$ cat coords.tsv   # TSV, C-alpha atoms
chain	number	residue	atom	x	y	z
J	269	MET	CA	0.00	0.00	0.00
J	270	LYS	CA	1.35	3.40	-0.97
J	271	LYS	CA	2.11	5.68	1.96
J	272	ILE	CA	0.18	8.94	2.11
J	273	GLU	CA	2.62	11.83	2.21
J	274	ARG	CA	2.07	13.85	5.37
J	275	GLU	CA	2.00	17.61	5.50
J	276	PRO	CA	5.22	19.31	6.65
J	277	THR	CA	6.26	17.98	10.05
J	278	THR	CA	7.02	20.10	13.10
J	279	GLU	CA	9.45	19.44	15.94
J	280	LYS	CA	6.55	18.79	18.30
J	281	GLU	CA	5.10	16.20	15.93
J	282	LEU	CA	8.48	14.48	15.62
J	283	ARG	CA	8.74	14.32	19.41
J	284	GLN	CA	5.30	12.74	19.58
J	285	ASP	CA	6.23	10.18	16.92
J	286	LEU	CA	9.48	9.30	18.71
J	287	GLU	CA	7.71	8.91	22.04
J	288	ALA	CA	5.01	6.73	20.46
J	289	LEU	CA	7.75	4.52	19.01
J	290	GLY	CA	9.28	4.08	22.47
J	291	VAL	CA	12.14	6.58	22.57
J	292	MET	CA	12.29	7.93	26.10
J	293	HIS	CA	14.26	9.97	28.60
J	294	ASP	CA	17.66	8.71	29.75
J	295	MET	CA	18.17	6.43	26.72
J	296	ASN	CA	21.56	5.90	25.14
J	297	LEU	CA	20.41	5.99	21.53
J	298	ILE	CA	22.35	5.32	18.34
J	299	VAL	CA	20.55	6.63	15.28
J	300	HIS	CA	20.86	5.68	11.61
J	301	SER	CA	18.76	8.03	9.53
J	302	SER	CA	17.48	9.32	6.22
J	303	LEU	CA	16.17	12.88	6.20
J	304	SER	CA	14.44	12.39	2.84
J	305	SER	CA	12.51	9.41	4.23
J	306	ILE	CA	11.06	11.55	7.00
J	307	GLY	CA	9.60	13.85	4.37
J	308	SER	CA	9.25	17.59	4.63
J	309	VAL	CA	10.46	18.77	8.04
J	310	ILE	CA	9.98	22.41	8.98
J	311	GLY	CA	13.54	23.48	9.80
J	312	GLY	CA	15.18	20.41	8.25
J	313	ALA	CA	17.88	18.36	9.98
J	314	PRO	CA	18.31	20.72	12.98
J	315	THR	CA	14.64	20.19	13.82
J	316	VAL	CA	15.14	16.42	13.76
J	317	LEU	CA	18.14	16.74	16.09
J	318	ARG	CA	16.27	18.95	18.53
J	319	ALA	CA	13.41	16.45	18.60
J	320	LEU	CA	15.78	13.55	19.28
J	321	MET	CA	17.72	15.39	21.99
J	322	HIS	CA	14.55	16.60	23.69
J	323	THR	CA	13.05	13.11	23.70
J	324	ILE	CA	16.05	11.40	25.33
J	325	GLY	CA	16.49	14.30	27.75
J	326	LYS	CA	19.55	15.70	29.50
J	327	LYS	CA	20.52	12.36	31.05
J	328	GLY	CA	20.44	10.48	27.75
J	329	THR	CA	23.14	10.16	25.10
J	330	LEU	CA	22.65	10.56	21.36
J	331	VAL	CA	25.10	8.75	19.06
J	332	MET	CA	25.54	8.69	15.29
J	333	PRO	CA	28.16	7.08	13.05
J	334	ALA	CA	30.27	9.67	11.21
J	335	ALA	CA	32.11	7.44	8.76
J	336	THR	CA	34.54	8.98	6.26
J	337	PRO	CA	35.24	6.43	3.51
J	338	HIS	CA	36.67	9.23	1.36
J	339	CYS	CA	39.69	9.21	3.72
J	340	ALA	CA	40.60	5.67	2.63
J	341	ASP	CA	42.95	4.77	-0.19
J	342	PRO	CA	41.14	5.95	-3.37
J	343	VAL	CA	41.80	2.53	-4.89
J	344	THR	CA	38.84	1.35	-2.79
J	345	TRP	CA	36.46	4.18	-3.72
J	346	ARG	CA	33.27	3.17	-5.48
J	347	LYS	CA	31.82	6.62	-6.08
J	348	PRO	CA	33.53	8.41	-7.60
J	349	ARG	CA	35.91	5.94	-9.22
J	350	VAL	CA	39.33	7.50	-9.73
J	351	PRO	CA	40.74	6.95	-13.24
J	352	GLU	CA	43.98	4.99	-13.03
J	353	ALA	CA	45.87	7.81	-14.73
J	354	TYR	CA	45.09	10.14	-11.79
J	355	LEU	CA	45.27	7.61	-8.95
J	356	GLY	CA	48.84	8.43	-7.92
J	357	LYS	CA	48.10	12.15	-7.71
J	358	VAL	CA	44.95	11.63	-5.61
J	359	GLN	CA	46.81	9.29	-3.25
J	360	ALA	CA	49.67	11.76	-2.82
J	361	HIS	CA	47.38	14.68	-1.96
J	362	LEU	CA	44.52	12.95	-0.13
J	363	PRO	CA	43.76	15.01	3.00
J	364	VAL	CA	44.46	13.29	6.32
J	365	PHE	CA	41.41	12.81	8.55
J	366	ASP	CA	40.80	15.66	10.97
J	367	LEU	CA	38.16	14.92	13.59
J	368	ARG	CA	37.31	18.62	13.83
J	369	THR	CA	36.77	19.39	10.16
J	370	THR	CA	36.45	16.23	8.04
J	371	PRO	CA	32.78	15.84	7.05
J	372	THR	CA	30.94	12.55	7.29
J	373	GLU	CA	29.30	10.86	4.30
J	374	MET	CA	26.50	9.34	6.41
J	375	GLY	CA	23.85	11.88	5.43
J	376	THR	CA	22.44	15.28	6.29
J	377	ILE	CA	21.35	14.48	9.85
J	378	PRO	CA	24.71	12.96	10.97
J	379	GLU	CA	26.65	15.78	9.32
J	380	THR	CA	24.49	18.37	11.07
J	381	PHE	CA	25.00	16.49	14.35
J	382	ARG	CA	28.78	16.43	13.80
J	383	THR	CA	28.91	20.23	13.86
J	384	TRP	CA	26.29	20.70	16.59
J	385	PRO	CA	27.53	22.53	19.71
J	386	GLY	CA	28.60	20.04	22.36
J	387	THR	CA	29.06	17.06	20.03
J	388	VAL	CA	32.26	15.05	20.51
J	389	ARG	CA	33.81	12.68	17.99
J	390	SER	CA	36.04	9.62	18.18
J	391	ASN	CA	39.39	9.79	16.42
J	392	HIS	CA	39.16	7.08	13.79
J	393	PRO	CA	40.19	7.99	10.23
J	394	LEU	CA	37.41	5.94	8.59
J	395	GLU	CA	34.78	4.91	11.16
J	396	SER	CA	34.45	7.74	13.68
J	397	ILE	CA	31.45	8.09	15.99
J	398	CYS	CA	29.80	11.33	17.12
J	399	ALA	CA	28.02	11.59	20.45
J	400	GLN	CA	26.41	14.10	22.76
J	401	GLY	CA	25.14	13.57	26.29
J	402	VAL	CA	26.07	11.99	29.61
J	403	GLU	CA	28.06	9.07	28.17
J	404	ALA	CA	29.43	10.85	25.09
J	405	ARG	CA	33.07	11.12	26.15
J	406	LYS	CA	33.14	7.58	27.49
J	407	ILE	CA	31.81	6.24	24.18
J	408	THR	CA	34.19	8.25	21.98
J	409	SER	CA	37.33	8.30	24.15
J	410	ARG	CA	39.07	5.29	22.60
J	411	HIS	CA	38.60	4.00	19.08
J	412	PRO	CA	41.09	1.33	17.88
J	413	TRP	CA	42.08	1.61	14.24
J	414	ALA	CA	42.03	-2.16	13.64
J	415	PHE	CA	38.57	-3.75	13.79
J	416	SER	CA	37.13	-0.33	14.46
J	417	GLU	CA	33.63	-1.66	15.14
J	418	GLY	CA	34.89	-4.48	17.39
J	419	ARG	CA	36.10	-4.93	20.95
J	420	GLY	CA	37.58	-1.97	22.77
J	421	GLY	CA	35.78	0.60	20.65
J	422	PRO	CA	32.60	2.67	20.78
J	423	PHE	CA	30.27	-0.19	19.85
J	424	GLU	CA	31.40	-2.41	22.69
J	425	LYS	CA	30.85	0.54	25.02
J	426	LEU	CA	27.38	1.07	23.57
J	427	TYR	CA	26.63	-2.62	24.10
J	428	ASP	CA	27.85	-2.46	27.71
J	429	LEU	CA	25.69	0.63	28.29
J	430	ASP	CA	22.59	-1.30	27.13
J	431	SER	CA	21.98	1.20	24.32
J	432	TRP	CA	19.11	1.29	21.87
J	433	VAL	CA	19.16	1.52	18.08
J	434	LEU	CA	16.81	3.68	16.04
J	435	LEU	CA	16.56	2.97	12.32
J	436	LEU	CA	14.97	6.22	11.21
J	437	GLY	CA	13.78	5.62	7.65
J	438	VAL	CA	16.58	3.14	6.85
J	439	GLY	CA	16.97	-0.64	6.94
J	440	PHE	CA	19.22	-3.11	8.72
J	441	ASN	CA	21.74	-2.75	5.89
J	442	ARG	CA	22.66	0.55	7.59
J	443	CYS	CA	22.87	-0.92	11.11
J	444	THR	CA	26.52	-0.66	12.15
J	445	ALA	CA	25.88	-2.71	15.28
J	446	LEU	CA	25.81	-5.78	13.03
J	447	HIS	CA	29.48	-5.16	12.19
J	448	PHE	CA	30.18	-5.37	15.93
J	449	ALA	CA	28.28	-8.66	16.14
J	450	GLU	CA	30.22	-10.10	13.20
J	451	SER	CA	33.54	-8.96	14.68
J	452	LEU	CA	32.89	-11.29	17.63
J	453	VAL	CA	32.46	-14.38	15.41
J	454	GLU	CA	35.44	-16.63	14.65
J	455	LYS	CA	34.71	-16.87	10.90
J	456	ARG	CA	34.10	-13.14	10.45
J	457	ARG	CA	34.67	-11.66	7.00
J	458	ILE	CA	37.84	-9.55	6.94
J	459	LYS	CA	39.29	-6.85	4.70
J	460	ILE	CA	42.39	-4.65	4.90
J	461	VAL	CA	41.79	-0.91	5.03
J	462	ARG	CA	44.46	1.65	4.15
J	463	PHE	CA	44.53	5.35	5.00
J	464	PRO	CA	47.05	8.19	5.47
J	465	VAL	CA	47.92	9.61	8.90
J	466	LEU	CA	50.37	12.15	10.28
J	467	GLU	CA	53.04	10.72	12.57
J	468	ASN	CA	55.55	13.13	14.11
J	469	GLY	CA	54.64	15.61	11.40
J	470	HIS	CA	55.25	13.14	8.60
J	471	ARG	CA	52.61	11.65	6.35
J	472	LYS	CA	52.46	7.84	6.20
J	473	TRP	CA	50.04	5.15	5.06
J	474	ILE	CA	48.59	2.72	7.61
J	475	GLU	CA	47.09	-0.70	6.86
J	476	VAL	CA	44.87	-2.46	9.41
J	477	PRO	CA	42.32	-5.31	9.32
J	478	ASN	CA	38.62	-4.64	9.64
J	479	VAL	CA	35.35	-6.50	9.23
J	480	SER	CA	34.36	-6.52	5.56
J	481	ASP	CA	31.53	-4.53	4.03
J	482	ASP	CA	28.30	-6.52	3.98
J	483	ASN	CA	27.04	-5.10	0.66
J	484	ASP	CA	23.43	-5.97	1.53
J	485	THR	CA	24.07	-9.72	1.77
J	486	LEU	CA	23.69	-10.91	5.38
J	487	PHE	CA	22.60	-7.78	7.27
J	488	PRO	CA	19.11	-7.54	5.67
J	489	LEU	CA	18.61	-11.27	6.15
J	490	ILE	CA	19.55	-11.16	9.82
J	491	GLY	CA	17.42	-8.06	10.30
J	492	SER	CA	14.37	-9.67	8.72
J	493	THR	CA	14.57	-12.72	10.99
J	494	PHE	CA	15.32	-10.56	14.05
J	495	ILE	CA	12.05	-8.74	13.41
J	496	THR	CA	10.17	-12.04	13.68
J	497	GLN	CA	11.43	-12.42	17.26
J	498	ASN	CA	9.13	-9.53	18.28
J	499	MET	CA	12.05	-7.58	19.71
J	500	THR	CA	11.50	-4.39	17.70
J	501	ARG	CA	8.97	-1.60	17.80
J	502	GLN	CA	7.83	-0.20	14.45
J	503	GLY	CA	6.16	3.08	13.60
J	504	LEU	CA	6.30	6.26	11.57
J	505	VAL	CA	8.51	9.20	12.47
J	506	GLY	CA	7.30	11.87	10.13
J	507	ASN	CA	6.81	9.81	7.00
J	508	ALA	CA	9.71	7.45	7.71
J	509	ASP	CA	9.15	3.78	8.50
J	510	SER	CA	11.24	3.37	11.63
J	511	ARG	CA	12.28	0.67	14.10
J	512	LEU	CA	13.52	0.86	17.68
J	513	PHE	CA	15.20	-2.03	19.47
J	514	SER	CA	17.74	-2.98	22.10
J	515	MET	CA	21.26	-3.10	20.69
J	516	ARG	CA	22.12	-5.84	23.17
J	517	PHE	CA	19.21	-8.02	22.00
J	518	LEU	CA	20.25	-7.54	18.37
J	519	ILE	CA	23.92	-8.35	19.00
J	520	ASP	CA	23.19	-11.47	21.03
J	521	TYR	CA	20.80	-12.69	18.35
J	522	ALA	CA	23.05	-11.75	15.42
J	523	ILE	CA	26.12	-13.54	16.80
J	524	ASN	CA	24.29	-16.85	16.60
J	525	ARG	CA	22.95	-16.05	13.13
J	526	PHE	CA	26.43	-15.16	11.83
J	527	LYS	CA	27.74	-18.48	13.20
J	528	GLU	CA	25.08	-20.24	11.13
J	529	LEU	CA	25.59	-18.20	7.97
J	530	LEU	CA	29.37	-17.78	7.74
$ encode --input "coords.tsv" --output "structure tokens"
Amino acid sequence: MKKIEREPTTEKELRQDLEALGVMHDMNLIVHSSLSSIGSVIGGAPTVLRALMHTIGKKGTLVMPAATPHCADPVTWRKPRVPEAYLGKVQAHLPVFDLRTTPTEMGTIPETFRTWPGTVRSNHPLESICAQGVEARKITSRHPWAFSEGRGGPFEKLYDLDSWVLLLGVGFNRCTALHFAESLVEKRRIKIVRFPVLENGHRKWIEVPNVSDDNDTLFPLIGSTFITQNMTRQGLVGNADSRLFSMRFLIDYAINRFKELL
């Protein structure tokens, strides 16, 4: 059935939608989002952020991935592809990640959140996390370069803090917590990532292992079966089909599913 496009949405209406979905005060909430899926929002992305921050309150913590794949070796870029004739030049002049100024490619809402007053960011050249709230500095304080979504990093801290995940107009293919689940499995899929850093004022390239991209293979499948366990709440936020669920429940479930599928 085709969704009926709602009239422009206000901050108050977004708050009501979030509360109806189950978002509440004091939550540690990691959000994956699509502004276009929400539809017309009066005030755009800042209105969405205000609604989220108001709903979790001053004792909650709001978290969003702020990935920067454009800081990786351009050999791995998909869009835009770098012609081989120019590859050496792009590699030689690729800017080094700067947690203060390097924009994220995760969308309008995460990029707006990155620059929001009070937001802090983890220092990972490819997979940084932005956070604001009571637990923000704890979540972002240490972010290992190798297996960036695995043990010792922000996602393990989010798991330990019994955080919640909000898929705001996006699917499980965007759910980074599933990378954390896969990182805990013996037969995890692995890739090598390469990026430039500054060390003692000198530029150098670093290579570290990480969990591979899923490319919409296992994540949607695991998400679809997780939904059948009745562990998610579904509803509209604006015009966006959205789901809210415990990150801990998802991880515990997904670990067993990855063991079956890999």
$ atom_distance --input "coords.tsv" --atom1 "atom CA of Thr493 of chain J" --atom2 "atom CA of Arg456 of chain J"
19.5 Å
$ closest_residue --input "coords.tsv" --among "J:Lys527, J:His338, J:His361, J:Arg501" --to "Ala449 of chain J" --atoms "all atoms listed in the file"
J:Lys527
$ closest_residue --input "coords.tsv" --among "J:Ser304, J:Gly401, J:Pro477, J:Phe513" --to "Arg462 of chain J" --atoms "all atoms listed in the file"
J:Pro477
$ closest_residue --input "coords.tsv" --among "J:Ala334, J:Ala414, J:Met295, J:Leu436" --to "Ile474 of chain J" --atoms "only C-alpha atoms"
J:Ala414
$ residues_around --input "coords.tsv" --residues "Gly503 of chain J" --least-positions-apart "2" --cutoff "12 Å" --atoms "all atoms listed in the file" --output "mmCIF file with C-alpha atoms, in the frame of the given file"
data_model
loop_
_atom_site.group_PDB
_atom_site.id
_atom_site.type_symbol
_atom_site.label_atom_id
_atom_site.label_comp_id
_atom_site.auth_asym_id
_atom_site.auth_seq_id
_atom_site.Cartn_x
_atom_site.Cartn_y
_atom_site.Cartn_z
ATOM 1 C CA LEU J 282 8.480 14.480 15.620
ATOM 2 C CA GLN J 284 5.300 12.740 19.580
ATOM 3 C CA ASP J 285 6.230 10.180 16.920
ATOM 4 C CA LEU J 286 9.480 9.300 18.710
ATOM 5 C CA GLU J 287 7.710 8.910 22.040
ATOM 6 C CA ALA J 288 5.010 6.730 20.460
ATOM 7 C CA LEU J 289 7.750 4.520 19.010
ATOM 8 C CA GLY J 290 9.280 4.080 22.470
ATOM 9 C CA VAL J 291 12.140 6.580 22.570
ATOM 10 C CA ILE J 306 11.060 11.550 7.000
ATOM 11 C CA LEU J 434 16.810 3.680 16.040
ATOM 12 C CA LEU J 435 16.560 2.970 12.320
ATOM 13 C CA LEU J 436 14.970 6.220 11.210
ATOM 14 C CA GLY J 437 13.780 5.620 7.650
ATOM 15 C CA THR J 500 11.500 -4.390 17.700
ATOM 16 C CA ARG J 501 8.970 -1.600 17.800
ATOM 17 C CA VAL J 505 8.510 9.200 12.470
ATOM 18 C CA GLY J 506 7.300 11.870 10.130
ATOM 19 C CA ASN J 507 6.810 9.810 7.000
ATOM 20 C CA ALA J 508 9.710 7.450 7.710
ATOM 21 C CA ASP J 509 9.150 3.780 8.500
ATOM 22 C CA SER J 510 11.240 3.370 11.630
ATOM 23 C CA ARG J 511 12.280 0.670 14.100
ATOM 24 C CA LEU J 512 13.520 0.860 17.680
ATOM 25 C CA PHE J 513 15.200 -2.030 19.470
#
$ residues_around --input "coords.tsv" --residues "Val433 of chain J" --least-positions-apart "6" --cutoff "9 Å" --atoms "all atoms listed in the file" --output "VMD selection string"
chain J and resid 296 to 300 443 445 511 to 515
$ closest_residue --input "coords.tsv" --among "J:Val479, J:Ile458, J:Val402, J:Leu362" --to "Val331 of chain J" --atoms "only C-alpha atoms"
J:Val402
$ atom_distance --input "coords.tsv" --atom1 "atom CA of Gly325 of chain J" --atom2 "atom CA of His293 of chain J"
4.9 Å
$ closest_residue --input "coords.tsv" --among "J:Thr369, J:Lys425, J:Val476, J:Leu317" --to "Arg405 of chain J" --atoms "only C-alpha atoms"
J:Lys425
$ atom_distance --input "coords.tsv" --atom1 "atom CA of Asn441 of chain J" --atom2 "atom CA of Asp520 of chain J"
17.5 Å
$ residues_around --input "coords.tsv" --residues "Arg516 of chain J" --least-positions-apart "5" --cutoff "12 Å" --atoms "all atoms listed in the file" --output "PyMOL selection string"
chain J and resi 296+423-433+445-446+448-449+499+521-523
$ closest_residue --input "coords.tsv" --among "J:Pro393, J:Val364, J:Thr336, J:Thr387" --to "Arg471 of chain J" --atoms "only C-alpha atoms"
J:Val364
$ residues_around --input "coords.tsv" --residues "Ser308 of chain J" --least-positions-apart "2" --cutoff "8 Å" --atoms "only C-alpha atoms" --output "short mmCIF file (atom, residue, chain, number, x, y, z; two decimals) with C-alpha atoms, in the frame of the given file"
data_model
loop_
_atom_site.label_atom_id
_atom_site.label_comp_id
_atom_site.auth_asym_id
_atom_site.auth_seq_id
_atom_site.Cartn_x
_atom_site.Cartn_y
_atom_site.Cartn_z
CA GLU J 275 2.00 17.61 5.50
CA PRO J 276 5.22 19.31 6.65
CA THR J 277 6.26 17.98 10.05
CA SER J 304 14.44 12.39 2.84
CA ILE J 306 11.06 11.55 7.00
CA ILE J 310 9.98 22.41 8.98
CA GLY J 312 15.18 20.41 8.25
#
$ residues_around --input "coords.tsv" --residues "Lys326 of chain J" --least-positions-apart "2" --cutoff "12 Å" --atoms "all atoms listed in the file" --output "NGL selection string"
:J and (292-296 or 318 or 320-324 or 328-330 or 400-404)
$ residues_near_point --input "coords.tsv" --point "(42.7, 6.8, 9.2)" --cutoff "12 Å" --atoms "only C-alpha atoms" --output "VMD selection string"
chain J and resid 335 to 341 362 to 367 370 390 to 396 411 to 414 416 461 to 467 471 to 476
$ decode --input "coords.tsv" --residues "segment 277-331 of chain J" --atoms "C-alpha atoms" --output "PDB file, in the first residue's frame"
ATOM      1  CA  THR J 277       6.261  17.978  10.053  1.00  0.00           C
ATOM      2  CA  THR J 278       7.019  20.098  13.099  1.00  0.00           C
ATOM      3  CA  GLU J 279       9.453  19.440  15.942  1.00  0.00           C
ATOM      4  CA  LYS J 280       6.545  18.790  18.304  1.00  0.00           C
ATOM      5  CA  GLU J 281       5.101  16.201  15.934  1.00  0.00           C
ATOM      6  CA  LEU J 282       8.479  14.476  15.625  1.00  0.00           C
ATOM      7  CA  ARG J 283       8.737  14.318  19.414  1.00  0.00           C
ATOM      8  CA  GLN J 284       5.295  12.739  19.581  1.00  0.00           C
ATOM      9  CA  ASP J 285       6.229  10.181  16.923  1.00  0.00           C
ATOM     10  CA  LEU J 286       9.480   9.299  18.707  1.00  0.00           C
ATOM     11  CA  GLU J 287       7.715   8.906  22.040  1.00  0.00           C
ATOM     12  CA  ALA J 288       5.007   6.733  20.457  1.00  0.00           C
ATOM     13  CA  LEU J 289       7.747   4.525  19.013  1.00  0.00           C
ATOM     14  CA  GLY J 290       9.280   4.081  22.472  1.00  0.00           C
ATOM     15  CA  VAL J 291      12.144   6.576  22.574  1.00  0.00           C
ATOM     16  CA  MET J 292      12.289   7.931  26.101  1.00  0.00           C
ATOM     17  CA  HIS J 293      14.263   9.966  28.603  1.00  0.00           C
ATOM     18  CA  ASP J 294      17.664   8.708  29.749  1.00  0.00           C
ATOM     19  CA  MET J 295      18.171   6.426  26.717  1.00  0.00           C
ATOM     20  CA  ASN J 296      21.558   5.901  25.136  1.00  0.00           C
ATOM     21  CA  LEU J 297      20.405   5.987  21.531  1.00  0.00           C
ATOM     22  CA  ILE J 298      22.353   5.315  18.337  1.00  0.00           C
ATOM     23  CA  VAL J 299      20.554   6.631  15.279  1.00  0.00           C
ATOM     24  CA  HIS J 300      20.858   5.676  11.607  1.00  0.00           C
ATOM     25  CA  SER J 301      18.763   8.027   9.535  1.00  0.00           C
ATOM     26  CA  SER J 302      17.476   9.320   6.222  1.00  0.00           C
ATOM     27  CA  LEU J 303      16.167  12.883   6.198  1.00  0.00           C
ATOM     28  CA  SER J 304      14.444  12.394   2.844  1.00  0.00           C
ATOM     29  CA  SER J 305      12.507   9.410   4.232  1.00  0.00           C
ATOM     30  CA  ILE J 306      11.060  11.553   7.003  1.00  0.00           C
ATOM     31  CA  GLY J 307       9.602  13.850   4.372  1.00  0.00           C
ATOM     32  CA  SER J 308       9.247  17.591   4.631  1.00  0.00           C
ATOM     33  CA  VAL J 309      10.456  18.768   8.044  1.00  0.00           C
ATOM     34  CA  ILE J 310       9.981  22.408   8.977  1.00  0.00           C
ATOM     35  CA  GLY J 311      13.543  23.483   9.798  1.00  0.00           C
ATOM     36  CA  GLY J 312      15.176  20.405   8.250  1.00  0.00           C
ATOM     37  CA  ALA J 313      17.884  18.357   9.979  1.00  0.00           C
ATOM     38  CA  PRO J 314      18.308  20.719  12.976  1.00  0.00           C
ATOM     39  CA  THR J 315      14.638  20.186  13.819  1.00  0.00           C
ATOM     40  CA  VAL J 316      15.141  16.419  13.763  1.00  0.00           C
ATOM     41  CA  LEU J 317      18.138  16.739  16.088  1.00  0.00           C
ATOM     42  CA  ARG J 318      16.274  18.954  18.528  1.00  0.00           C
ATOM     43  CA  ALA J 319      13.412  16.454  18.603  1.00  0.00           C
ATOM     44  CA  LEU J 320      15.781  13.552  19.284  1.00  0.00           C
ATOM     45  CA  MET J 321      17.725  15.386  21.992  1.00  0.00           C
ATOM     46  CA  HIS J 322      14.553  16.602  23.694  1.00  0.00           C
ATOM     47  CA  THR J 323      13.053  13.110  23.699  1.00  0.00           C
ATOM     48  CA  ILE J 324      16.050  11.402  25.331  1.00  0.00           C
ATOM     49  CA  GLY J 325      16.489  14.297  27.750  1.00  0.00           C
ATOM     50  CA  LYS J 326      19.547  15.704  29.496  1.00  0.00           C
ATOM     51  CA  LYS J 327      20.521  12.357  31.046  1.00  0.00           C
ATOM     52  CA  GLY J 328      20.438  10.479  27.750  1.00  0.00           C
ATOM     53  CA  THR J 329      23.138  10.159  25.098  1.00  0.00           C
ATOM     54  CA  LEU J 330      22.647  10.564  21.357  1.00  0.00           C
ATOM     55  CA  VAL J 331      25.097   8.751  19.062  1.00  0.00           C
TER      56      VAL J 331
END
